[in-house]
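**Q** Sharing my_file37.csv below, CSV, C-alpha atoms (C1' of nucleotides):
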chain,number,residue,atom,x,y,z
S,1,MET,CA,79.7,151.8,141.1
S,2,ARG,CA,76.4,153.2,139.8
S,3,ASN,CA,76.1,150.4,137.2
S,4,ARG,CA,72.9,149.1,138.5
S,5,GLN,CA,71.2,152.5,138.3
S,6,ARG,CA,72.5,153.1,134.8
S,7,GLU,CA,71.2,149.7,133.6
S,8,SER,CA,67.9,150.4,135.1
S,9,GLU,CA,67.7,153.7,133.3
S,10,GLN,CA,68.6,152.1,130.1
S,11,GLN,CA,65.9,149.4,130.6
S,12,GLN,CA,63.3,152.1,131.3
S,13,PHE,CA,64.4,154.0,128.1
S,14,ILE,CA,64.0,150.8,126.1
S,15,GLU,CA,60.6,150.1,127.4
S,16,ALA,CA,59.5,153.7,126.8
S,17,VAL,CA,60.6,153.5,123.1
S,18,GLY,CA,58.7,150.1,123.0
S,19,LEU,CA,55.5,151.7,124.2
S,20,SER,CA,55.8,154.6,121.9
S,21,PHE,CA,56.3,152.3,119.0
S,22,GLU,CA,53.2,150.4,120.0
S,23,GLN,CA,51.2,153.6,120.1
S,24,ALA,CA,52.3,154.2,116.6
S,25,GLY,CA,50.9,150.8,115.6
S,26,LEU,CA,54.1,148.8,115.4
S,27,PRO,CA,55.1,145.8,117.6
S,28,ARG,CA,56.5,146.7,120.9
S,29,MET,CA,59.5,144.4,120.5
S,30,ALA,CA,60.5,146.3,117.3
S,31,GLY,CA,60.5,149.4,119.4
S,32,ARG,CA,62.6,147.8,122.1
S,33,ILE,CA,65.2,146.8,119.6
S,34,LEU,CA,65.3,150.3,118.3
S,35,GLY,CA,65.5,151.7,121.8
S,36,TRP,CA,68.6,149.6,122.5
S,37,LEU,CA,70.2,150.3,119.2
S,38,LEU,CA,69.9,154.1,120.0
S,39,ILE,CA,72.0,153.9,123.2
S,40,CYS,CA,74.1,150.8,122.9
S,41,ASP,CA,77.9,150.7,122.7
S,42,PRO,CA,79.1,149.8,120.1
S,43,PRO,CA,76.2,151.0,118.0
S,44,HIS,CA,75.9,147.7,116.2
S,45,GLN,CA,74.6,144.6,117.8
S,46,SER,CA,74.2,141.0,116.9
S,47,PRO,CA,70.8,139.2,117.0
S,48,GLY,CA,72.2,137.1,119.9
S,49,GLU,CA,73.1,140.2,121.9
S,50,LEU,CA,69.8,141.8,121.2
S,51,ALA,CA,68.0,138.6,122.5
S,52,GLU,CA,70.0,138.6,125.6
S,53,VAL,CA,69.7,142.3,126.5
S,54,LEU,CA,66.0,142.5,125.7
S,55,GLN,CA,65.3,139.0,127.2
S,56,ALA,CA,63.4,138.0,124.1
S,57,SER,CA,63.4,134.8,122.0
S,58,LYS,CA,65.7,134.5,119.0
S,59,GLY,CA,62.6,134.1,116.9
S,60,SER,CA,61.1,137.4,117.9
S,61,ILE,CA,64.4,139.2,117.3
S,62,SER,CA,64.7,137.6,113.9
S,63,SER,CA,61.2,138.6,112.7
S,64,MET,CA,61.4,142.1,114.2
S,65,THR,CA,64.8,142.9,112.8
S,66,ARG,CA,63.4,141.8,109.4
S,67,LEU,CA,60.5,144.2,109.8
S,68,LEU,CA,62.7,147.1,110.8
S,69,GLU,CA,64.9,146.3,107.9
S,70,GLN,CA,62.0,146.4,105.5
S,71,LEU,CA,60.8,149.7,107.0
S,72,GLY,CA,64.3,151.2,106.3
S,73,VAL,CA,64.9,151.8,110.0
S,74,ILE,CA,67.9,149.5,110.6
S,75,GLU,CA,70.5,147.9,108.3
S,76,ARG,CA,72.4,144.7,108.4
S,77,LEU,CA,76.1,144.9,108.8
S,78,SER,CA,78.7,142.2,108.3
S,79,LEU,CA,82.2,142.7,109.4
S,80,PRO,CA,85.2,141.1,107.6
S,81,GLY,CA,86.6,138.1,109.4
S,82,GLU,CA,83.4,137.7,111.5
S,83,ARG,CA,80.7,135.2,110.9
S,84,ARG,CA,78.1,137.1,112.9
S,85,ASP,CA,75.8,139.6,111.5
S,86,TYR,CA,75.1,142.9,113.1
S,87,PHE,CA,72.3,145.5,113.0
S,88,ARG,CA,72.6,149.2,113.4
S,89,ILE,CA,70.3,152.2,112.9
S,90,ARG,CA,70.3,153.7,109.5
S,91,SER,CA,71.0,157.4,109.3
S,92,GLU,CA,67.8,158.0,107.2
S,93,SER,CA,65.7,155.9,109.6
S,94,TRP,CA,63.4,158.5,110.9
S,95,ALA,CA,62.7,160.1,107.5
S,96,ALA,CA,61.9,156.6,106.2
S,97,LEU,CA,59.5,156.0,109.0
S,98,PHE,CA,57.9,159.3,108.5
S,99,LYS,CA,57.4,158.7,104.8
S,100,ARG,CA,55.9,155.3,105.5
S,101,ARG,CA,53.4,157.0,107.8
S,102,MET,CA,52.5,159.5,105.1
S,103,GLU,CA,51.2,156.7,102.9
S,104,LEU,CA,48.2,156.8,105.2
S,105,VAL,CA,47.6,160.4,104.2
S,106,SER,CA,47.6,159.5,100.5
S,107,ASN,CA,45.3,156.6,101.3
S,108,PHE,CA,42.8,158.8,103.0
S,109,ARG,CA,42.8,161.3,100.1
S,110,GLN,CA,42.0,158.4,97.7
S,111,LEU,CA,39.2,157.3,100.0
S,112,ALA,CA,37.7,160.8,99.8
S,113,ASP,CA,37.9,160.8,96.0
S,114,ARG,CA,36.2,157.4,96.0
S,115,GLY,CA,33.4,158.8,98.2
S,116,LEU,CA,33.0,161.8,95.9
S,117,GLU,CA,32.5,159.5,93.0
S,118,LEU,CA,29.7,157.8,94.9
S,119,LEU,CA,28.0,161.1,95.4
S,120,SER,CA,28.7,162.4,91.9
S,121,GLU,CA,24.9,163.0,91.3
S,122,HIS,CA,24.4,164.8,94.6
S,123,THR,CA,24.3,168.5,95.6
S,124,PRO,CA,27.4,170.5,96.6
S,125,GLU,CA,26.0,170.5,100.2
S,126,GLN,CA,25.9,166.7,100.2
S,127,ARG,CA,29.4,166.6,98.9
S,128,GLN,CA,30.9,169.1,101.3
S,129,ARG,CA,32.0,166.6,104.0
S,130,LEU,CA,34.0,164.7,101.4
S,131,ASP,CA,35.3,167.9,99.7
S,132,GLU,CA,36.8,169.1,103.0
S,133,MET,CA,38.3,165.7,103.7
S,134,ARG,CA,39.8,165.5,100.2
S,135,ASN,CA,41.1,169.1,100.2
S,136,MET,CA,42.9,168.7,103.5
S,137,TYR,CA,44.6,165.4,102.8
S,138,ALA,CA,45.5,166.6,99.3
S,139,PHE,CA,47.1,169.6,100.9
S,140,PHE,CA,49.2,167.5,103.2
S,141,GLU,CA,49.9,164.9,100.5
S,142,TYR,CA,51.5,167.7,98.5
S,143,GLU,CA,53.1,169.8,101.3
S,144,VAL,CA,54.7,167.1,103.5
S,145,PRO,CA,57.2,165.8,101.0
S,146,ARG,CA,58.3,169.4,100.4
S,147,LEU,CA,58.8,169.7,104.2
S,148,LEU,CA,60.9,166.6,104.1
S,149,GLU,CA,63.0,168.0,101.3
S,150,ARG,CA,63.6,171.2,103.3
S,151,TRP,CA,64.6,169.0,106.2
S,152,GLU,CA,67.1,167.1,104.1
S,153,GLN,CA,68.6,170.3,102.9
S,154,GLU,CA,69.0,171.6,106.4
S,155,ARG,CA,70.6,168.3,107.5
S,156,ARG,CA,73.0,168.5,104.6
S,157,SER,CA,74.1,172.0,105.5
S,158,GLN,CA,74.4,171.1,109.2
S,159,SER,CA,76.8,168.2,108.5
S,160,GLU,CA,79.1,170.3,106.4
G,1,MET,CA,16.5,150.2,89.4
G,2,ARG,CA,20.3,150.0,90.2
G,3,ASN,CA,19.6,150.2,93.9
G,4,ARG,CA,21.3,146.9,94.7
G,5,GLN,CA,24.5,148.0,93.0
G,6,ARG,CA,24.5,151.4,94.7
G,7,GLU,CA,24.1,149.8,98.1
G,8,SER,CA,26.9,147.4,97.5
G,9,GLU,CA,29.2,150.2,96.5
G,10,GLN,CA,28.3,152.0,99.6
G,11,GLN,CA,29.0,149.0,101.7
G,12,GLN,CA,32.4,148.6,100.0
G,13,PHE,CA,33.2,152.2,100.7
G,14,ILE,CA,32.3,151.8,104.4
G,15,GLU,CA,34.5,148.7,104.7
G,16,ALA,CA,37.4,150.5,103.0
G,17,VAL,CA,37.2,153.4,105.4
G,18,GLY,CA,37.0,150.8,108.2
G,19,LEU,CA,40.2,149.1,107.1
G,20,SER,CA,42.1,152.4,106.7
G,21,PHE,CA,41.1,153.4,110.2
G,22,GLU,CA,42.3,150.1,111.5
G,23,GLN,CA,45.7,150.7,109.7
G,24,ALA,CA,45.8,154.0,111.5
G,25,GLY,CA,45.5,152.2,114.8
G,26,LEU,CA,41.8,152.9,115.6
G,27,PRO,CA,39.0,150.3,115.9
G,28,ARG,CA,37.5,149.2,112.6
G,29,MET,CA,34.0,149.9,113.7
G,30,ALA,CA,34.8,153.6,114.4
G,31,GLY,CA,36.0,153.8,110.8
G,32,ARG,CA,32.8,152.2,109.5
G,33,ILE,CA,30.7,154.7,111.3
G,34,LEU,CA,32.8,157.5,109.8
G,35,GLY,CA,32.5,155.9,106.4
G,36,TRP,CA,28.8,155.9,106.5
G,37,LEU,CA,28.5,159.4,108.0
G,38,LEU,CA,30.6,160.6,105.0
G,39,ILE,CA,28.0,159.5,102.4
G,40,CYS,CA,24.7,159.1,104.2
G,41,ASP,CA,21.6,161.2,103.5
G,42,PRO,CA,20.8,163.1,105.6
G,43,PRO,CA,24.3,163.7,106.9
G,44,HIS,CA,23.2,163.1,110.5
G,45,GLN,CA,22.2,159.6,111.8
G,46,SER,CA,20.9,158.2,115.0
G,47,PRO,CA,22.7,155.4,116.9
G,48,GLY,CA,19.9,153.1,115.9
G,49,GLU,CA,20.3,153.9,112.3
G,50,LEU,CA,24.0,153.3,112.5
G,51,ALA,CA,23.5,150.0,114.2
G,52,GLU,CA,21.1,148.9,111.5
G,53,VAL,CA,23.1,150.0,108.5
G,54,LEU,CA,26.4,148.7,109.8
G,55,GLN,CA,24.9,145.6,111.3
G,56,ALA,CA,26.6,146.2,114.6
G,57,SER,CA,25.4,145.9,118.2
G,58,LYS,CA,24.1,149.0,119.9
G,59,GLY,CA,26.8,148.6,122.5
G,60,SER,CA,29.5,148.9,119.9
G,61,ILE,CA,27.9,151.9,118.3
G,62,SER,CA,27.7,153.5,121.7
G,63,SER,CA,31.3,153.1,122.6
G,64,MET,CA,32.7,153.9,119.2
G,65,THR,CA,30.6,157.1,118.8
G,66,ARG,CA,31.9,158.1,122.3
G,67,LEU,CA,35.5,157.6,121.0
G,68,LEU,CA,34.9,159.5,117.8
G,69,GLU,CA,33.4,162.3,119.8
G,70,GLN,CA,36.4,162.5,122.1
G,71,LEU,CA,38.7,162.5,119.1
G,72,GLY,CA,36.8,165.5,117.8
G,73,VAL,CA,35.8,163.7,114.6
G,74,ILE,CA,32.0,163.7,115.1
G,75,GLU,CA,29.5,165.7,117.1
G,76,ARG,CA,26.3,164.9,118.8
G,77,LEU,CA,23.2,166.7,117.5
G,78,SER,CA,19.8,167.0,119.1
G,79,LEU,CA,16.9,168.4,117.1
G,80,PRO,CA,14.1,170.3,118.7
G,81,GLY,CA,11.0,168.2,119.1
G,82,GLU,CA,12.9,165.0,118.7
G,83,ARG,CA,13.9,162.7,121.5
G,84,ARG,CA,16.6,160.9,119.5
G,85,ASP,CA,20.2,162.0,119.3
G,86,TYR,CA,22.1,162.2,116.0
G,87,PHE,CA,25.7,162.2,115.0
G,88,ARG,CA,27.4,164.0,112.2
G,89,ILE,CA,30.9,164.7,111.0
G,90,ARG,CA,32.5,167.8,112.4
G,91,SER,CA,33.9,170.2,109.9
G,92,GLU,CA,37.2,170.3,111.7
G,93,SER,CA,37.3,166.5,112.0
G,94,TRP,CA,40.3,165.8,109.8
G,95,ALA,CA,42.5,168.6,111.3
G,96,ALA,CA,41.6,167.3,114.7
G,97,LEU,CA,42.6,163.7,113.8
G,98,PHE,CA,45.8,165.0,112.3
G,99,LYS,CA,46.7,167.0,115.4
G,100,ARG,CA,46.2,164.0,117.5
G,101,ARG,CA,48.5,162.0,115.3
G,102,MET,CA,51.1,164.7,115.7
G,103,GLU,CA,51.3,164.1,119.4
G,104,LEU,CA,53.3,161.1,118.5
G,105,VAL,CA,55.9,163.3,116.9
G,106,SER,CA,56.3,165.3,120.0
G,107,ASN,CA,56.5,162.1,122.0
G,108,PHE,CA,59.4,160.8,119.9
G,109,ARG,CA,61.3,164.1,120.2
G,110,GLN,CA,61.0,163.8,123.9
G,111,LEU,CA,62.3,160.3,123.8
G,112,ALA,CA,65.3,161.4,121.8
G,113,ASP,CA,66.1,164.0,124.5
G,114,ARG,CA,65.8,161.4,127.2
G,115,GLY,CA,68.2,159.2,125.3
G,116,LEU,CA,70.6,162.1,125.0
G,117,GLU,CA,70.6,162.6,128.7
G,118,LEU,CA,71.5,159.0,129.1
G,119,LEU,CA,74.5,159.5,126.9
G,120,SER,CA,75.5,162.8,128.3
G,121,GLU,CA,79.0,161.6,129.1
G,122,HIS,CA,79.6,160.0,125.7
G,123,THR,CA,81.3,161.2,122.6
G,124,PRO,CA,79.6,163.2,119.8
G,125,GLU,CA,79.9,160.1,117.6
G,126,GLN,CA,78.0,158.0,120.2
G,127,ARG,CA,75.3,160.6,120.4
G,128,GLN,CA,74.9,161.1,116.7
G,129,ARG,CA,72.0,158.6,116.3
G,130,LEU,CA,70.0,160.4,118.9
G,131,ASP,CA,71.0,163.8,117.6
G,132,GLU,CA,69.6,163.0,114.2
G,133,MET,CA,66.4,161.6,115.7
G,134,ARG,CA,66.0,164.7,117.9
G,135,ASN,CA,66.7,167.2,115.1
G,136,MET,CA,64.2,165.6,112.7
G,137,TYR,CA,61.3,165.3,115.1
G,138,ALA,CA,62.0,168.8,116.5
G,139,PHE,CA,61.8,170.1,113.0
G,140,PHE,CA,58.4,168.5,112.4
G,141,GLU,CA,57.2,169.4,115.8
G,142,TYR,CA,57.8,173.0,114.9
G,143,GLU,CA,56.8,173.0,111.2
G,144,VAL,CA,53.7,170.9,111.1
G,145,PRO,CA,51.5,173.2,113.2
G,146,ARG,CA,52.6,176.0,110.8
G,147,LEU,CA,51.4,173.9,107.9
G,148,LEU,CA,48.1,173.3,109.7
G,149,GLU,CA,47.7,177.1,110.1
G,150,ARG,CA,48.4,177.7,106.4
G,151,TRP,CA,45.8,175.1,105.7
G,152,GLU,CA,43.2,176.8,107.9
G,153,GLN,CA,43.9,180.1,106.1
G,154,GLU,CA,43.5,178.5,102.7
G,155,ARG,CA,40.3,176.9,103.8
G,156,ARG,CA,38.9,180.2,105.1
G,157,SER,CA,39.7,182.0,101.9
G,158,GLN,CA,38.1,179.1,99.9
G,159,SER,CA,34.8,179.3,101.7
G,160,GLU,CA,34.4,183.0,101.2
K,1,DT,C1',1.0,153.7,136.0
K,2,DA,C1',2.2,150.7,132.2
K,3,DA,C1',4.0,150.5,127.5
K,4,DT,C1',7.2,151.9,124.1
K,5,DA,C1',11.2,153.9,122.2
K,6,DT,C1',15.9,154.9,122.8
K,7,DG,C1',20.6,154.7,124.6
K,8,DT,C1',24.4,153.0,127.8
K,9,DT,C1',27.0,149.7,130.6
K,10,DC,C1',29.3,145.8,131.3
K,11,DA,C1',30.4,140.9,131.6
K,12,DG,C1',31.6,137.5,128.4
K,13,DT,C1',33.2,135.9,123.7
K,14,DA,C1',35.9,135.7,119.8
K,15,DT,C1',39.6,137.2,117.1
K,16,DT,C1',43.8,139.0,116.2
K,17,DG,C1',48.6,139.1,116.4
K,18,DA,C1',52.9,139.5,119.2
K,19,DC,C1',55.8,136.4,121.2
K,20,DT,C1',57.9,131.9,122.6
K,21,DG,C1',60.6,127.8,122.0
K,22,DA,C1',61.7,123.8,119.6
K,23,DA,C1',63.0,122.0,115.3
K,24,DC,C1',65.5,123.1,111.4
K,25,DA,C1',69.1,125.3,108.4
K,26,DT,C1',73.8,127.0,107.6
K,27,DA,C1',78.4,127.9,108.4
K,28,DT,C1',82.8,127.3,110.9
K,29,DT,C1',86.2,124.9,113.4
K,30,DA,C1',88.5,120.8,114.9
I,1,DT,C1',82.9,113.8,110.1
I,2,DA,C1',81.3,115.5,114.5
I,3,DA,C1',80.9,119.5,117.5
I,4,DT,C1',79.9,124.3,118.1
I,5,DA,C1',78.1,128.7,117.1
I,6,DT,C1',74.7,131.3,114.9
I,7,DG,C1',70.3,132.5,112.7
I,8,DT,C1',65.5,131.4,110.7
I,9,DT,C1',61.0,129.2,110.4
I,10,DC,C1',56.9,128.0,112.2
I,11,DA,C1',53.4,125.8,115.0
I,12,DG,C1',51.3,126.9,119.2
I,13,DT,C1',50.4,129.9,123.4
I,14,DC,C1',48.9,133.9,125.5
I,15,DA,C1',47.2,138.5,126.1
I,16,DA,C1',44.9,142.4,124.5
I,17,DT,C1',40.9,144.3,122.8
I,18,DA,C1',37.1,144.9,119.5
I,19,DC,C1',32.6,143.4,119.6
I,20,DT,C1',28.2,141.2,121.1
I,21,DG,C1',24.0,140.9,123.6
I,22,DA,C1',21.5,141.0,127.8
I,23,DA,C1',20.4,143.8,131.7
I,24,DC,C1',19.8,148.2,133.0
I,25,DA,C1',18.8,153.3,132.7
I,26,DT,C1',16.1,157.2,131.0
I,27,DA,C1',12.6,159.6,128.7
I,28,DT,C1',8.2,159.9,126.3
I,29,DT,C1',3.5,158.8,125.4
I,30,DA,C1',-0.9,156.9,126.5
Please express the file's structure as structure tokens.
**A**
Amino acid sequence: MRNRQRESEQQQFIEAVGLSFEQAGLPRMAGRILGWLLICDPPHQSPGELAEVLQASKGSISSMTRLLEQLGVIERLSLPGERRDYFRIRSESWAALFKRRMELVSNFRQLADRGLELLSEHTPEQRQRLDEMRNMYAFFEYEVPRLLERWEQERRSQSE
Amino acid sequence: MRNRQRESEQQQFIEAVGLSFEQAGLPRMAGRILGWLLICDPPHQSPGELAEVLQASKGSISSMTRLLEQLGVIERLSLPGERRDYFRIRSESWAALFKRRMELVSNFRQLADRGLELLSEHTPEQRQRLDEMRNMYAFFEYEVPRLLERWEQERRSQSE
DNA sequence: TAATATGTTCAGTATTGACTGAACATATTA
DNA sequence: TAATATGTTCAGTCAATACTGAACATATTA
């Protein structure tokens, strides 16, 4: 009966996902929820179950699931004949997260443009810093969505 | 004499960069420093000048410039015959920042692998969530460095 | 050597925001 | 209707950390 060991490994995995989420700038508890939803059986869990497994308050589970839902990472699931709600990971979750992150890139490109307006009367040398910033973020702003499309295509052909 | 207006616009730009930096998970003051270094004249500034313009303590300037230096975003500059140090933006700054961010992608791919080990005895259906996560992050872990290379090439050909 | 100019360290403060837990809402069953 | 089961809201707590400011370090000039 290696159940203890297995549970401990699961807990460690959950914490690791939590920490990574925190590094990405999201609340740790949101990461913990996601960590558990990645390995739990069945793959859908009720708020109550989440609170118990993660030893968190119901309030925290409620607000973090709301956040994850808004981010497009999880979805709510209601089963016929059951009054409880469930959450599970959306299949597009990671692409959704990635897209959200890419908004920052667009934001930085806009900042560069704004800076260039400020220096509109200045010499090319003065503007070079902002030109480089702008060019690079514009490049990624254009190319990353294309990369995502390529990924979607590959995924589609994989699942056939 | 529209000097007041100009200064106010500069301050607003600095704050905007600060806020964007904060959204990206870095200290706001680091963003402010970068914001000013993007538009200042001359493009290099001493810690003292930074503290004055940004109305920040010398301590904060000292630790934030250290951080930005470690991140590869700015570099220290000492001019002959001057005892003061200066900071300016590195030309590779944005690529350096971007690469740093991409470490998170690699991290998430590794997490997915770790999860898959935990579910090594489970059915393909059970493992699907983690498979998708792994596949997507592995895709970007591979492709984004290629994109960065393409960018470096374009940049080189631009500056010729 | 003292006086000045410059920069760093670090202990302490202040602020932000994640998280808790109790009160409240809603639905279901008896 | 009361009793139970479930979920949300929100005021308050706590911890992490960005930032300040004073003490300290270092270098330069007189």
**Q** What is the distance between atom C1' of K:DT28 and atom CA of S:Pro80, in Å to one decimal?
**A** 14.4 Å
**Q** Enter the distance from atom CA of S:Glu82 to atom C1' of I:DT4, in Å, rounded to one decimal.
**A**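 Computed distance, atom CA of S:Glu82 to atom C1' of I:DT4, equals 15.3 Å.
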**Q** I want to know what sits within 12 Å of K:DC10, based on all atoms listed in the file, with residues of the same chain fewer than 6 positions away left out; could you give that as a PyMOL selection string?
**A** (chain G and resi 59-60+63) or (chain I and resi 20-24)
**Q** Give me, as a PyMOL selection string, the residues of chain K touching chain G, with the criterion being at most 8 Å (counting only C-alpha atoms (C1' of nucleotides)).
**A** chain K and resi 6-8
**Q** Check the smallest atom-to-atom distance from each of S:Arg129, S:Lys99, S:Arg66, S:Arg134 to chain G using only C-alpha atoms, then report the winner.
**A**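 That would be S:Arg129, the residue with the smallest distance to chain G.
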**Q** For chain I against chain S, which residues fall within 12 Å using all atoms listed in the file, given as a list of chain:residue names?
**A**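 Per the criterion, chain I yields I:DA5, I:DT6, I:DG7, I:DT8, I:DT9, I:DC10.
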**Q** Find the residues in chain G near chain S: any atom within 7 Å counts, using all atoms listed in the file. Write them as number ranges by chain.
**A** G: 17, 25, 38-39, 94, 115, 129-130, 133
**Q** For S:Glu69, list every protein, DNA or RNA residue within 12 Å, evaluated using only C-alpha atoms (C1' of nucleotides), and leave out those in the same chain fewer than 2 positions away; present the list as a list in words.
**A**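 Those residues are Ala30, Ile33, Leu34, Ile61, Ser62, Ser63, Met64, Thr65, Arg66, Leu67, Leu71, Gly72, Val73, Ile74, Glu75, Arg76, Leu77, Tyr86, Phe87, Arg88, Ile89, Arg90, Ser93, Ala96 and Leu97 of chain S.
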**Q** Report, in Å to a single decimal, how far apart atom CA of S:Ser106 and atom CA of S:Glu141 are.
**A**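 These atoms are spaced 5.9 Å apart.
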**Q** Taking all atoms listed in the file into account, which of K:DA11, K:DA27, K:DA5, K:DC19 comes nearest I:DT13?
**A**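 Between K:DA11, K:DA27, K:DA5, K:DC19, the residue approaching I:DT13 most closely is K:DC19.
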**Q** May I have the protein, DNA and RNA residues with an atom at most 9 Å from (52.0, 133.4, 122.2), counting all atoms listed in the file in the file's coordinates, returned as a ChimeraX atom specification?
**A** /K:17-20 /I:12-15
**Q** Limit the output to N, CA and C atoms and give stretch 65-78 of chain G as an mmCIF file, in the first residue's frame.
**A**
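That gives us decode_27.cif:
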data_model
loop_
_atom_site.group_PDB
_atom_site.id
_atom_site.type_symbol
_atom_site.label_atom_id
_atom_site.label_comp_id
_atom_site.auth_asym_id
_atom_site.auth_seq_id
_atom_site.Cartn_x
_atom_site.Cartn_y
_atom_site.Cartn_z
ATOM 1 N N THR G 65 18.595 49.239 -10.296
ATOM 2 C CA THR G 65 19.569 49.196 -11.392
ATOM 3 C C THR G 65 20.329 47.868 -11.355
ATOM 4 N N ARG G 66 20.603 47.395 -10.163
ATOM 5 C CA ARG G 66 21.266 46.080 -10.056
ATOM 6 C C ARG G 66 20.398 45.006 -10.710
ATOM 7 N N LEU G 67 19.108 45.026 -10.373
ATOM 8 C CA LEU G 67 18.184 44.057 -10.970
ATOM 9 C C LEU G 67 18.174 44.154 -12.499
ATOM 10 N N LEU G 68 18.036 45.369 -13.002
ATOM 11 C CA LEU G 68 17.958 45.553 -14.458
ATOM 12 C C LEU G 68 19.257 45.123 -15.141
ATOM 13 N N GLU G 69 20.355 45.339 -14.441
ATOM 14 C CA GLU G 69 21.644 44.909 -14.990
ATOM 15 C C GLU G 69 21.682 43.381 -15.076
ATOM 16 N N GLN G 70 21.243 42.725 -13.992
ATOM 17 C CA GLN G 70 21.218 41.262 -13.985
ATOM 18 C C GLN G 70 20.320 40.709 -15.083
ATOM 19 N N LEU G 71 19.223 41.386 -15.319
ATOM 20 C CA LEU G 71 18.286 40.940 -16.348
ATOM 21 C C LEU G 71 18.832 41.181 -17.752
ATOM 22 N N GLY G 72 19.908 41.954 -17.845
ATOM 23 C CA GLY G 72 20.479 42.236 -19.165
ATOM 24 C C GLY G 72 19.776 43.366 -19.893
ATOM 25 N N VAL G 73 19.055 44.191 -19.160
ATOM 26 C CA VAL G 73 18.260 45.242 -19.791
ATOM 27 C C VAL G 73 19.041 46.559 -19.893
ATOM 28 N N ILE G 74 19.832 46.843 -18.872
ATOM 29 C CA ILE G 74 20.666 48.051 -18.917
ATOM 30 C C ILE G 74 22.123 47.671 -18.687
ATOM 31 N N GLU G 75 23.022 48.612 -18.958
ATOM 32 C CA GLU G 75 24.431 48.357 -18.675
ATOM 33 C C GLU G 75 25.033 49.578 -18.004
ATOM 34 N N ARG G 76 26.062 49.304 -17.225
ATOM 35 C CA ARG G 76 26.770 50.358 -16.525
ATOM 36 C C ARG G 76 27.828 50.924 -17.455
ATOM 37 N N LEU G 77 28.046 52.220 -17.313
ATOM 38 C CA LEU G 77 28.908 52.927 -18.239
ATOM 39 C C LEU G 77 29.778 53.856 -17.427
ATOM 40 N N SER G 78 31.093 53.748 -17.584
ATOM 41 C CA SER G 78 31.923 54.740 -16.891
ATOM 42 C C SER G 78 32.719 55.521 -17.928
#
